[in-house]
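All remarks here apply to the structure that follows.
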Amino acid sequence: MRQLPTIPVVSRLAPTPSGFLHLGNAVNFTLTWLLTRQAGGTLHLRIDDLDRARFRPAYLENIFRTLEWLGLDYDHGPTGPNDFERNFSQQHRLPEYEAALQAAQLTHPRVFYACGCSRTGLARQGVLAGSYPGTCRHAALPLSAPGVAWRAYVPSGSIVPIQDMAQGLMQVDLTAELGDFVVRKKDGVAAYQVASVLDDVRLGVTCVVRGLDLLPSTAAQLWLASQLPGQAGFRQVQFYHHALLTTSSGEKLSKSTQAGSQRGIVEEADSPQVVYEAVAQLLGLSEQAATSLAILRERIAQQNNGDTWANSV
(Lines give C-alpha, C1' and ligand atoms only; values in the text may rest on other atoms or scores of the structure.)
Protein backbone atom coordinates (compact mmCIF):
# COMPACT_ATOMS: atom_id res chain seq x y z
CA MET A 1 0.00 0.00 0.00
CA ARG A 2 1.25 3.43 -0.87
CA GLN A 3 -0.34 5.17 2.09
CA LEU A 4 -1.54 4.19 5.56
CA PRO A 5 -4.54 5.75 7.31
CA THR A 6 -3.53 8.82 9.30
CA ILE A 7 -6.68 8.83 11.44
CA PRO A 8 -8.44 6.20 13.61
CA VAL A 9 -10.15 3.66 11.38
CA VAL A 10 -13.94 3.61 11.38
CA SER A 11 -15.32 1.62 8.46
CA ARG A 12 -18.56 0.00 7.39
CA LEU A 13 -20.17 -2.84 5.54
CA ALA A 14 -22.88 -1.34 3.32
CA PRO A 15 -24.89 -4.05 1.55
CA THR A 16 -28.17 -3.40 -0.26
CA PRO A 17 -31.13 -5.80 0.16
CA SER A 18 -31.90 -5.73 -3.58
CA GLY A 19 -30.59 -9.19 -4.41
CA PHE A 20 -28.77 -12.17 -2.93
CA LEU A 21 -25.14 -11.39 -2.07
CA HIS A 22 -22.62 -12.84 -4.52
CA LEU A 23 -18.94 -13.71 -4.29
CA GLY A 24 -17.86 -10.12 -4.98
CA ASN A 25 -19.95 -8.83 -2.07
CA ALA A 26 -18.54 -11.48 0.24
CA VAL A 27 -14.96 -10.64 -0.77
CA ASN A 28 -15.51 -6.93 -0.16
CA PHE A 29 -17.04 -7.59 3.26
CA THR A 30 -14.21 -9.93 4.26
CA LEU A 31 -11.53 -7.53 3.04
CA THR A 32 -13.18 -4.62 4.88
CA TRP A 33 -13.41 -6.71 8.05
CA LEU A 34 -9.80 -7.86 7.86
CA LEU A 35 -8.37 -4.40 7.25
CA THR A 36 -10.51 -2.78 9.93
CA ARG A 37 -9.68 -5.44 12.51
CA GLN A 38 -5.98 -5.25 11.58
CA ALA A 39 -6.16 -1.52 12.30
CA GLY A 40 -7.91 -2.04 15.64
CA GLY A 41 -10.76 0.01 14.18
CA THR A 42 -14.53 0.14 14.53
CA LEU A 43 -16.85 -1.56 12.05
CA HIS A 44 -20.49 -0.63 11.37
CA LEU A 45 -23.14 -2.60 9.51
CA ARG A 46 -24.99 0.01 7.40
CA ILE A 47 -27.66 -1.54 5.20
CA ASP A 48 -28.75 0.70 2.30
CA ASP A 49 -32.45 0.10 1.66
CA LEU A 50 -33.47 3.29 -0.16
CA ASP A 51 -34.55 1.21 -3.17
CA ARG A 52 -37.69 -0.31 -1.73
CA ALA A 53 -38.95 -1.31 -5.17
CA ARG A 54 -36.29 -4.04 -5.31
CA PHE A 55 -36.31 -4.76 -1.56
CA ARG A 56 -37.28 -8.26 -0.51
CA PRO A 57 -37.32 -9.71 3.04
CA ALA A 58 -35.36 -12.70 1.72
CA TYR A 59 -32.58 -10.38 0.53
CA LEU A 60 -32.43 -8.68 3.93
CA GLU A 61 -32.24 -12.01 5.73
CA ASN A 62 -29.52 -13.12 3.31
CA ILE A 63 -27.26 -10.26 4.46
CA PHE A 64 -27.20 -11.48 8.05
CA ARG A 65 -26.91 -15.11 6.98
CA THR A 66 -23.94 -14.30 4.72
CA LEU A 67 -22.08 -12.41 7.45
CA GLU A 68 -22.62 -15.29 9.88
CA TRP A 69 -21.45 -17.80 7.24
CA LEU A 70 -18.30 -15.75 6.63
CA GLY A 71 -17.58 -15.48 10.36
CA LEU A 72 -17.63 -11.67 10.31
CA ASP A 73 -18.70 -9.63 13.31
CA TYR A 74 -19.31 -5.89 13.57
CA ASP A 75 -19.34 -3.38 16.40
CA HIS A 76 -22.49 -1.36 15.64
CA GLY A 77 -25.62 -2.00 13.63
CA PRO A 78 -28.77 -4.12 13.51
CA THR A 79 -28.76 -7.55 15.10
CA GLY A 80 -31.19 -9.00 12.59
CA PRO A 81 -33.94 -8.19 10.07
CA ASN A 82 -36.53 -7.12 12.65
CA ASP A 83 -34.08 -4.86 14.48
CA PHE A 84 -33.08 -3.35 11.17
CA GLU A 85 -36.62 -2.54 10.10
CA ARG A 86 -37.50 -1.06 13.50
CA ASN A 87 -34.37 0.96 14.19
CA PHE A 88 -31.89 1.16 11.30
CA SER A 89 -33.77 1.38 8.00
CA GLN A 90 -32.95 4.39 5.84
CA GLN A 91 -36.69 4.91 5.57
CA HIS A 92 -36.53 6.44 9.06
CA ARG A 93 -34.02 9.03 7.81
CA LEU A 94 -35.83 10.30 4.72
CA PRO A 95 -36.70 13.66 6.38
CA GLU A 96 -33.00 14.11 7.24
CA TYR A 97 -31.94 13.51 3.65
CA GLU A 98 -34.60 15.91 2.36
CA ALA A 99 -33.55 18.61 4.82
CA ALA A 100 -29.96 18.32 3.60
CA LEU A 101 -31.05 18.75 -0.02
CA GLN A 102 -33.20 21.75 0.81
CA ALA A 103 -30.35 23.33 2.80
CA ALA A 104 -27.95 22.80 -0.10
CA GLN A 105 -30.35 24.44 -2.51
CA LEU A 106 -30.70 27.47 -0.23
CA THR A 107 -26.94 27.74 0.21
CA HIS A 108 -26.08 27.11 -3.47
CA PRO A 109 -29.19 28.03 -5.50
CA ARG A 110 -27.78 26.76 -8.81
CA VAL A 111 -26.44 23.45 -7.54
CA PHE A 112 -29.57 21.41 -8.46
CA TYR A 113 -32.08 21.59 -11.29
CA ALA A 114 -35.33 19.80 -12.09
CA CYS A 115 -35.30 17.17 -14.83
CA GLY A 116 -37.92 14.70 -16.00
CA CYS A 117 -35.56 12.80 -18.30
CA SER A 118 -33.55 9.64 -17.91
CA ARG A 119 -29.83 9.67 -18.74
CA THR A 120 -30.77 8.01 -22.03
CA GLY A 121 -33.26 10.76 -22.70
CA LEU A 122 -30.69 13.40 -21.95
CA ALA A 123 -28.24 11.77 -24.31
CA ARG A 124 -30.85 11.70 -27.08
CA GLN A 125 -31.43 15.42 -26.58
CA GLY A 126 -27.71 16.07 -26.83
CA VAL A 127 -27.59 17.56 -23.34
CA LEU A 128 -24.01 17.65 -22.13
CA ALA A 129 -23.22 17.40 -18.45
CA GLY A 130 -22.11 20.71 -17.01
CA SER A 131 -24.07 22.88 -19.46
CA TYR A 132 -26.44 24.41 -16.91
CA PRO A 133 -29.26 25.10 -17.49
CA GLY A 134 -28.68 22.92 -20.55
CA THR A 135 -31.16 22.22 -23.30
CA CYS A 136 -33.17 19.65 -21.34
CA ARG A 137 -36.82 20.53 -21.86
CA HIS A 138 -37.37 20.23 -18.10
CA ALA A 139 -34.39 22.32 -17.04
CA ALA A 140 -36.50 25.48 -16.62
CA LEU A 141 -39.04 23.77 -14.36
CA PRO A 142 -39.11 24.66 -10.66
CA LEU A 143 -37.73 22.06 -8.25
CA SER A 144 -41.22 21.82 -6.76
CA ALA A 145 -42.71 20.58 -10.06
CA PRO A 146 -44.32 17.13 -9.78
CA GLY A 147 -42.72 14.10 -11.37
CA VAL A 148 -39.24 15.52 -11.78
CA ALA A 149 -35.91 14.36 -10.44
CA TRP A 150 -33.29 16.73 -9.09
CA ARG A 151 -29.93 16.58 -10.81
CA ALA A 152 -26.70 18.06 -9.53
CA TYR A 153 -25.19 20.62 -11.86
CA VAL A 154 -21.66 19.29 -12.41
CA PRO A 155 -19.64 22.01 -14.18
CA SER A 156 -17.71 21.04 -17.27
CA GLY A 157 -14.21 19.84 -16.48
CA SER A 158 -14.94 18.90 -12.86
CA ILE A 159 -11.89 16.80 -11.94
CA VAL A 160 -11.98 15.15 -8.51
CA PRO A 161 -8.61 14.04 -7.08
CA ILE A 162 -8.68 10.90 -4.91
CA GLN A 163 -5.63 9.87 -2.91
CA ASP A 164 -6.36 6.16 -2.70
CA MET A 165 -4.61 3.83 -0.27
CA ALA A 166 -4.51 0.98 -2.77
CA GLN A 167 -4.23 2.74 -6.12
CA GLY A 168 -2.35 5.93 -5.26
CA LEU A 169 -3.42 9.33 -6.59
CA MET A 170 -6.23 9.17 -9.13
CA GLN A 171 -7.98 11.94 -11.03
CA VAL A 172 -11.64 11.29 -11.84
CA ASP A 173 -13.37 13.37 -14.51
CA LEU A 174 -16.77 13.55 -12.84
CA THR A 175 -18.28 15.40 -15.80
CA ALA A 176 -17.39 12.56 -18.14
CA GLU A 177 -18.02 9.67 -15.73
CA LEU A 178 -21.42 10.64 -14.29
CA GLY A 179 -22.32 14.09 -15.53
CA ASP A 180 -25.31 15.71 -13.86
CA PHE A 181 -26.18 12.82 -11.56
CA VAL A 182 -29.51 12.42 -9.73
CA VAL A 183 -29.66 13.55 -6.10
CA ARG A 184 -33.43 13.29 -5.62
CA LYS A 185 -35.53 10.78 -7.50
CA LYS A 186 -38.86 11.43 -9.21
CA ASP A 187 -40.71 9.97 -6.22
CA GLY A 188 -39.24 12.70 -4.00
CA VAL A 189 -36.81 10.40 -2.19
CA ALA A 190 -33.10 11.24 -1.89
CA ALA A 191 -30.82 9.25 -4.17
CA TYR A 192 -28.04 6.88 -3.09
CA GLN A 193 -25.19 9.39 -3.38
CA VAL A 194 -26.85 11.79 -0.92
CA ALA A 195 -27.86 9.16 1.63
CA SER A 196 -24.44 7.50 1.51
CA VAL A 197 -22.63 10.76 2.31
CA LEU A 198 -24.97 11.68 5.15
CA ASP A 199 -24.92 8.19 6.66
CA ASP A 200 -21.13 7.92 6.56
CA VAL A 201 -20.71 11.33 8.19
CA ARG A 202 -23.31 10.45 10.84
CA LEU A 203 -21.48 7.22 11.68
CA GLY A 204 -18.09 8.95 11.79
CA VAL A 205 -16.70 6.78 8.99
CA THR A 206 -13.05 7.55 8.21
CA CYS A 207 -12.13 4.69 5.82
CA VAL A 208 -14.18 3.15 3.02
CA VAL A 209 -13.24 -0.07 1.20
CA ARG A 210 -14.81 -0.32 -2.25
CA GLY A 211 -14.39 -1.97 -5.60
CA LEU A 212 -12.90 0.05 -8.43
CA ASP A 213 -16.29 0.04 -10.15
CA LEU A 214 -17.49 2.51 -7.51
CA LEU A 215 -14.74 5.03 -8.22
CA PRO A 216 -17.19 7.38 -10.03
CA SER A 217 -19.50 7.22 -7.01
CA THR A 218 -16.60 8.12 -4.73
CA ALA A 219 -15.88 11.15 -6.90
CA ALA A 220 -19.56 12.15 -6.91
CA GLN A 221 -19.80 11.85 -3.14
CA LEU A 222 -16.65 13.86 -2.51
CA TRP A 223 -17.95 16.59 -4.82
CA LEU A 224 -21.41 16.46 -3.25
CA ALA A 225 -20.01 16.75 0.29
CA SER A 226 -18.75 20.23 -0.59
CA GLN A 227 -22.29 21.25 -1.57
CA LEU A 228 -24.24 19.75 1.35
CA PRO A 229 -24.02 21.94 4.47
CA GLY A 230 -22.45 20.17 7.45
CA GLN A 231 -21.02 17.28 5.42
CA ALA A 232 -17.48 18.57 4.86
CA GLY A 233 -16.16 15.81 7.14
CA PHE A 234 -16.78 13.31 4.34
CA ARG A 235 -14.01 14.94 2.35
CA GLN A 236 -11.53 13.67 4.97
CA VAL A 237 -12.54 10.03 4.44
CA GLN A 238 -9.75 7.81 3.14
CA PHE A 239 -10.52 5.25 0.43
CA TYR A 240 -9.25 1.80 -0.51
CA HIS A 241 -10.47 0.77 -3.98
CA HIS A 242 -9.72 -2.88 -4.65
CA ALA A 243 -9.70 -4.81 -7.91
CA LEU A 244 -12.89 -6.50 -9.06
CA LEU A 245 -13.81 -10.14 -9.41
CA THR A 246 -15.24 -11.17 -12.76
CA THR A 247 -17.21 -14.05 -14.21
CA SER A 248 -15.62 -16.66 -16.49
CA SER A 249 -16.68 -14.49 -19.46
CA GLY A 250 -14.98 -11.43 -17.98
CA GLU A 251 -18.12 -9.67 -16.75
CA LYS A 252 -18.11 -7.85 -13.42
CA LEU A 253 -19.89 -9.84 -10.72
CA SER A 254 -23.13 -8.14 -9.72
CA LYS A 255 -26.58 -9.01 -8.43
CA SER A 256 -28.04 -8.08 -11.80
CA THR A 257 -25.98 -10.75 -13.59
CA GLN A 258 -27.16 -13.57 -11.34
CA ALA A 259 -29.36 -16.19 -12.95
CA GLY A 260 -32.89 -16.41 -11.65
CA SER A 261 -32.17 -19.67 -9.85
CA GLN A 262 -29.12 -18.35 -7.99
CA ARG A 263 -29.59 -17.55 -4.32
CA GLY A 264 -26.22 -16.06 -3.51
CA ILE A 265 -22.77 -17.22 -2.46
CA VAL A 266 -24.05 -18.97 0.68
CA GLU A 267 -26.07 -21.40 -1.45
CA GLU A 268 -23.50 -21.73 -4.23
CA ALA A 269 -20.32 -22.44 -2.25
CA ASP A 270 -19.58 -25.44 -0.06
CA SER A 271 -17.69 -23.25 2.43
CA PRO A 272 -16.43 -19.68 2.82
CA GLN A 273 -12.94 -20.83 1.86
CA VAL A 274 -13.65 -19.78 -1.74
CA VAL A 275 -14.08 -16.23 -0.41
CA TYR A 276 -10.91 -16.38 1.67
CA GLU A 277 -9.00 -17.64 -1.38
CA ALA A 278 -10.20 -14.69 -3.45
CA VAL A 279 -9.20 -12.25 -0.72
CA ALA A 280 -5.78 -13.86 -0.41
CA GLN A 281 -5.31 -13.53 -4.16
CA LEU A 282 -6.26 -9.84 -4.06
CA LEU A 283 -3.72 -9.23 -1.30
CA GLY A 284 -0.97 -11.27 -2.89
CA LEU A 285 -0.96 -13.92 -0.15
CA SER A 286 -0.32 -17.63 -0.57
CA GLU A 287 -3.06 -20.24 -0.92
CA GLN A 288 -2.17 -21.52 2.56
CA ALA A 289 -3.28 -18.16 3.99
CA ALA A 290 -6.83 -18.87 2.86
CA THR A 291 -7.29 -21.96 5.02
CA SER A 292 -9.43 -20.03 7.49
CA LEU A 293 -10.37 -16.48 8.43
CA ALA A 294 -8.10 -16.64 11.48
CA ILE A 295 -5.08 -17.72 9.41
CA LEU A 296 -5.85 -15.09 6.79
CA ARG A 297 -5.88 -12.42 9.48
CA GLU A 298 -2.63 -13.76 10.94
CA ARG A 299 -0.86 -13.72 7.56
CA ILE A 300 -1.97 -10.13 6.92
CA ALA A 301 -0.45 -9.11 10.24
CA GLN A 302 2.80 -10.93 9.40
CA GLN A 303 2.94 -9.42 5.92
CA ASN A 304 2.69 -5.92 7.29
CA ASN A 305 5.13 -6.28 10.18
CA GLY A 306 2.98 -4.19 12.48
CA ASP A 307 1.54 -1.83 9.86
CA THR A 308 -2.18 -1.21 10.28
CA TRP A 309 -3.47 -2.08 6.83
CA ALA A 310 -2.56 -4.66 4.23
CA ASN A 311 -0.44 -3.92 1.20
CA SER A 312 -2.43 -3.04 -1.88
CA VAL A 313 -3.06 -5.44 -4.71
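Naming works like this for the C-alpha coordinates: A, B, ... for the chains as they're shown, residue 1 at the start of each chain, ligands 1 onward in shown order.
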
According to DSSP computed on the backbone, where in region 72-282 of chain A is there alpha helix (DSSP H)? Give the residues as a VMD selection string. chain A and resid 81 to 83 94 to 107 119 to 125 174 to 177 192 to 203 215 to 225 265 to 268 273 to 282

List every residue of region 19-216 of chain A that DSSP, applied to the backbone of this structure, places in strand (DSSP E), and write the result as a JSON list (two decimals) with N, CA, C and O atoms, in the first residue's frame.
[["chain", "number", "residue", "atom", "x", "y", "z"],
["A", 42, "THR", "N", -13.12, 0.38, 14.23],
["A", 42, "THR", "CA", -14.53, 0.14, 14.53],
["A", 42, "THR", "C", -15.27, -0.13, 13.23],
["A", 42, "THR", "O", -15.06, 0.55, 12.22],
["A", 43, "LEU", "N", -16.14, -1.15, 13.26],
["A", 43, "LEU", "CA", -16.85, -1.56, 12.05],
["A", 43, "LEU", "C", -18.37, -1.46, 12.27],
["A", 43, "LEU", "O", -18.90, -2.01, 13.23],
["A", 44, "HIS", "N", -19.04, -0.75, 11.35],
["A", 44, "HIS", "CA", -20.49, -0.63, 11.37],
["A", 44, "HIS", "C", -21.10, -1.52, 10.30],
["A", 44, "HIS", "O", -20.50, -1.76, 9.24],
["A", 45, "LEU", "N", -22.31, -2.00, 10.55],
["A", 45, "LEU", "CA", -23.14, -2.60, 9.51],
["A", 45, "LEU", "C", -24.18, -1.56, 9.14],
["A", 45, "LEU", "O", -25.03, -1.19, 9.94],
["A", 112, "PHE", "N", -28.66, 22.44, -7.98],
["A", 112, "PHE", "CA", -29.57, 21.41, -8.46],
["A", 112, "PHE", "C", -30.52, 22.01, -9.49],
["A", 112, "PHE", "O", -30.82, 23.20, -9.46],
["A", 113, "TYR", "N", -31.03, 21.16, -10.39],
["A", 113, "TYR", "CA", -32.08, 21.59, -11.29],
["A", 113, "TYR", "C", -33.06, 20.44, -11.51],
["A", 113, "TYR", "O", -32.72, 19.26, -11.33],
["A", 114, "ALA", "N", -34.29, 20.78, -11.87],
["A", 114, "ALA", "CA", -35.33, 19.80, -12.09],
["A", 114, "ALA", "C", -35.20, 19.18, -13.47],
["A", 114, "ALA", "O", -34.89, 19.87, -14.45],
["A", 115, "CYS", "N", -35.44, 17.88, -13.55],
["A", 115, "CYS", "CA", -35.30, 17.17, -14.83],
["A", 115, "CYS", "C", -36.23, 15.97, -14.83],
["A", 115, "CYS", "O", -36.24, 15.18, -13.88],
["A", 149, "ALA", "N", -37.06, 14.66, -11.30],
["A", 149, "ALA", "CA", -35.91, 14.36, -10.44],
["A", 149, "ALA", "C", -35.09, 15.63, -10.28],
["A", 149, "ALA", "O", -35.20, 16.57, -11.06],
["A", 150, "TRP", "N", -34.27, 15.66, -9.25],
["A", 150, "TRP", "CA", -33.29, 16.73, -9.09],
["A", 150, "TRP", "C", -31.94, 16.19, -9.54],
["A", 150, "TRP", "O", -31.53, 15.11, -9.10],
["A", 151, "ARG", "N", -31.29, 16.92, -10.40],
["A", 151, "ARG", "CA", -29.93, 16.58, -10.81],
["A", 151, "ARG", "C", -28.96, 17.62, -10.28],
["A", 151, "ARG", "O", -29.29, 18.81, -10.16],
["A", 152, "ALA", "N", -27.76, 17.15, -9.94],
["A", 152, "ALA", "CA", -26.70, 18.06, -9.53],
["A", 152, "ALA", "C", -26.08, 18.67, -10.78],
["A", 152, "ALA", "O", -25.79, 17.96, -11.74],
["A", 159, "ILE", "N", -12.84, 17.88, -12.23],
["A", 159, "ILE", "CA", -11.89, 16.80, -11.94],
["A", 159, "ILE", "C", -11.79, 16.65, -10.43],
["A", 159, "ILE", "O", -11.51, 17.61, -9.71],
["A", 160, "VAL", "N", -12.03, 15.44, -9.94],
["A", 160, "VAL", "CA", -11.98, 15.15, -8.51],
["A", 160, "VAL", "C", -10.75, 14.31, -8.21],
["A", 160, "VAL", "O", -10.66, 13.16, -8.66],
["A", 161, "PRO", "N", -9.79, 14.85, -7.44],
["A", 161, "PRO", "CA", -8.61, 14.04, -7.08],
["A", 161, "PRO", "C", -8.94, 13.11, -5.91],
["A", 161, "PRO", "O", -9.64, 13.49, -4.97],
["A", 162, "ILE", "N", -8.47, 11.88, -5.98],
["A", 162, "ILE", "CA", -8.68, 10.90, -4.91],
["A", 162, "ILE", "C", -7.33, 10.28, -4.59],
["A", 162, "ILE", "O", -6.72, 9.62, -5.43],
["A", 163, "GLN", "N", -6.87, 10.50, -3.37],
["A", 163, "GLN", "CA", -5.63, 9.87, -2.91],
["A", 163, "GLN", "C", -6.01, 8.53, -2.30],
["A", 163, "GLN", "O", -6.43, 8.45, -1.15],
["A", 164, "ASP", "N", -5.88, 7.47, -3.09],
["A", 164, "ASP", "CA", -6.36, 6.16, -2.70],
["A", 164, "ASP", "C", -5.26, 5.35, -2.06],
["A", 164, "ASP", "O", -4.12, 5.36, -2.51],
["A", 168, "GLY", "N", -3.11, 4.69, -5.17],
["A", 168, "GLY", "CA", -2.35, 5.93, -5.26],
["A", 168, "GLY", "C", -3.24, 7.08, -5.70],
["A", 168, "GLY", "O", -4.48, 7.01, -5.62],
["A", 169, "LEU", "N", -2.65, 8.16, -6.18],
["A", 169, "LEU", "CA", -3.42, 9.33, -6.59],
["A", 169, "LEU", "C", -4.13, 9.06, -7.92],
["A", 169, "LEU", "O", -3.51, 8.66, -8.89],
["A", 170, "MET", "N", -5.43, 9.30, -7.92],
["A", 170, "MET", "CA", -6.23, 9.17, -9.13],
["A", 170, "MET", "C", -7.00, 10.46, -9.37],
["A", 170, "MET", "O", -7.39, 11.15, -8.43],
["A", 171, "GLN", "N", -7.21, 10.78, -10.64],
["A", 171, "GLN", "CA", -7.98, 11.94, -11.03],
["A", 171, "GLN", "C", -9.22, 11.45, -11.77],
["A", 171, "GLN", "O", -9.11, 10.80, -12.81],
["A", 172, "VAL", "N", -10.39, 11.75, -11.23],
["A", 172, "VAL", "CA", -11.64, 11.29, -11.84],
["A", 172, "VAL", "C", -12.34, 12.46, -12.49],
["A", 172, "VAL", "O", -12.62, 13.47, -11.82],
["A", 173, "ASP", "N", -12.62, 12.34, -13.78],
["A", 173, "ASP", "CA", -13.37, 13.37, -14.51],
["A", 173, "ASP", "C", -14.85, 13.12, -14.25],
["A", 173, "ASP", "O", -15.49, 12.32, -14.94],
["A", 182, "VAL", "N", -28.28, 12.22, -10.49],
["A", 182, "VAL", "CA", -29.51, 12.42, -9.73],
["A", 182, "VAL", "C", -29.22, 12.47, -8.24],
["A", 182, "VAL", "O", -28.50, 11.61, -7.71],
["A", 183, "VAL", "N", -29.79, 13.47, -7.55],
["A", 183, "VAL", "CA", -29.66, 13.55, -6.10],
["A", 183, "VAL", "C", -31.01, 13.36, -5.40],
["A", 183, "VAL", "O", -31.06, 13.10, -4.20],
["A", 184, "ARG", "N", -32.08, 13.51, -6.17],
["A", 184, "ARG", "CA", -33.43, 13.29, -5.62],
["A", 184, "ARG", "C", -34.26, 12.68, -6.75],
["A", 184, "ARG", "O", -34.36, 13.23, -7.83],
["A", 207, "CYS", "N", -12.74, 5.51, 6.87],
["A", 207, "CYS", "CA", -12.13, 4.69, 5.82],
["A", 207, "CYS", "C", -13.20, 3.86, 5.14],
["A", 207, "CYS", "O", -14.01, 3.21, 5.81],
["A", 208, "VAL", "N", -13.20, 3.90, 3.80],
["A", 208, "VAL", "CA", -14.18, 3.15, 3.02],
["A", 208, "VAL", "C", -13.44, 2.22, 2.07],
["A", 208, "VAL", "O", -12.55, 2.65, 1.33],
["A", 209, "VAL", "N", -13.81, 0.94, 2.09],
["A", 209, "VAL", "CA", -13.24, -0.07, 1.20],
["A", 209, "VAL", "C", -14.27, -0.37, 0.13],
["A", 209, "VAL", "O", -15.40, -0.78, 0.43],
["A", 210, "ARG", "N", -13.89, -0.15, -1.14],
["A", 210, "ARG", "CA", -14.81, -0.32, -2.25],
["A", 210, "ARG", "C", -14.11, -0.98, -3.43],
["A", 210, "ARG", "O", -12.89, -0.93, -3.54],
["A", 211, "GLY", "N", -14.93, -1.50, -4.34],
["A", 211, "GLY", "CA", -14.39, -1.97, -5.60],
["A", 211, "GLY", "C", -14.12, -0.80, -6.53],
["A", 211, "GLY", "O", -14.73, 0.27, -6.39]]
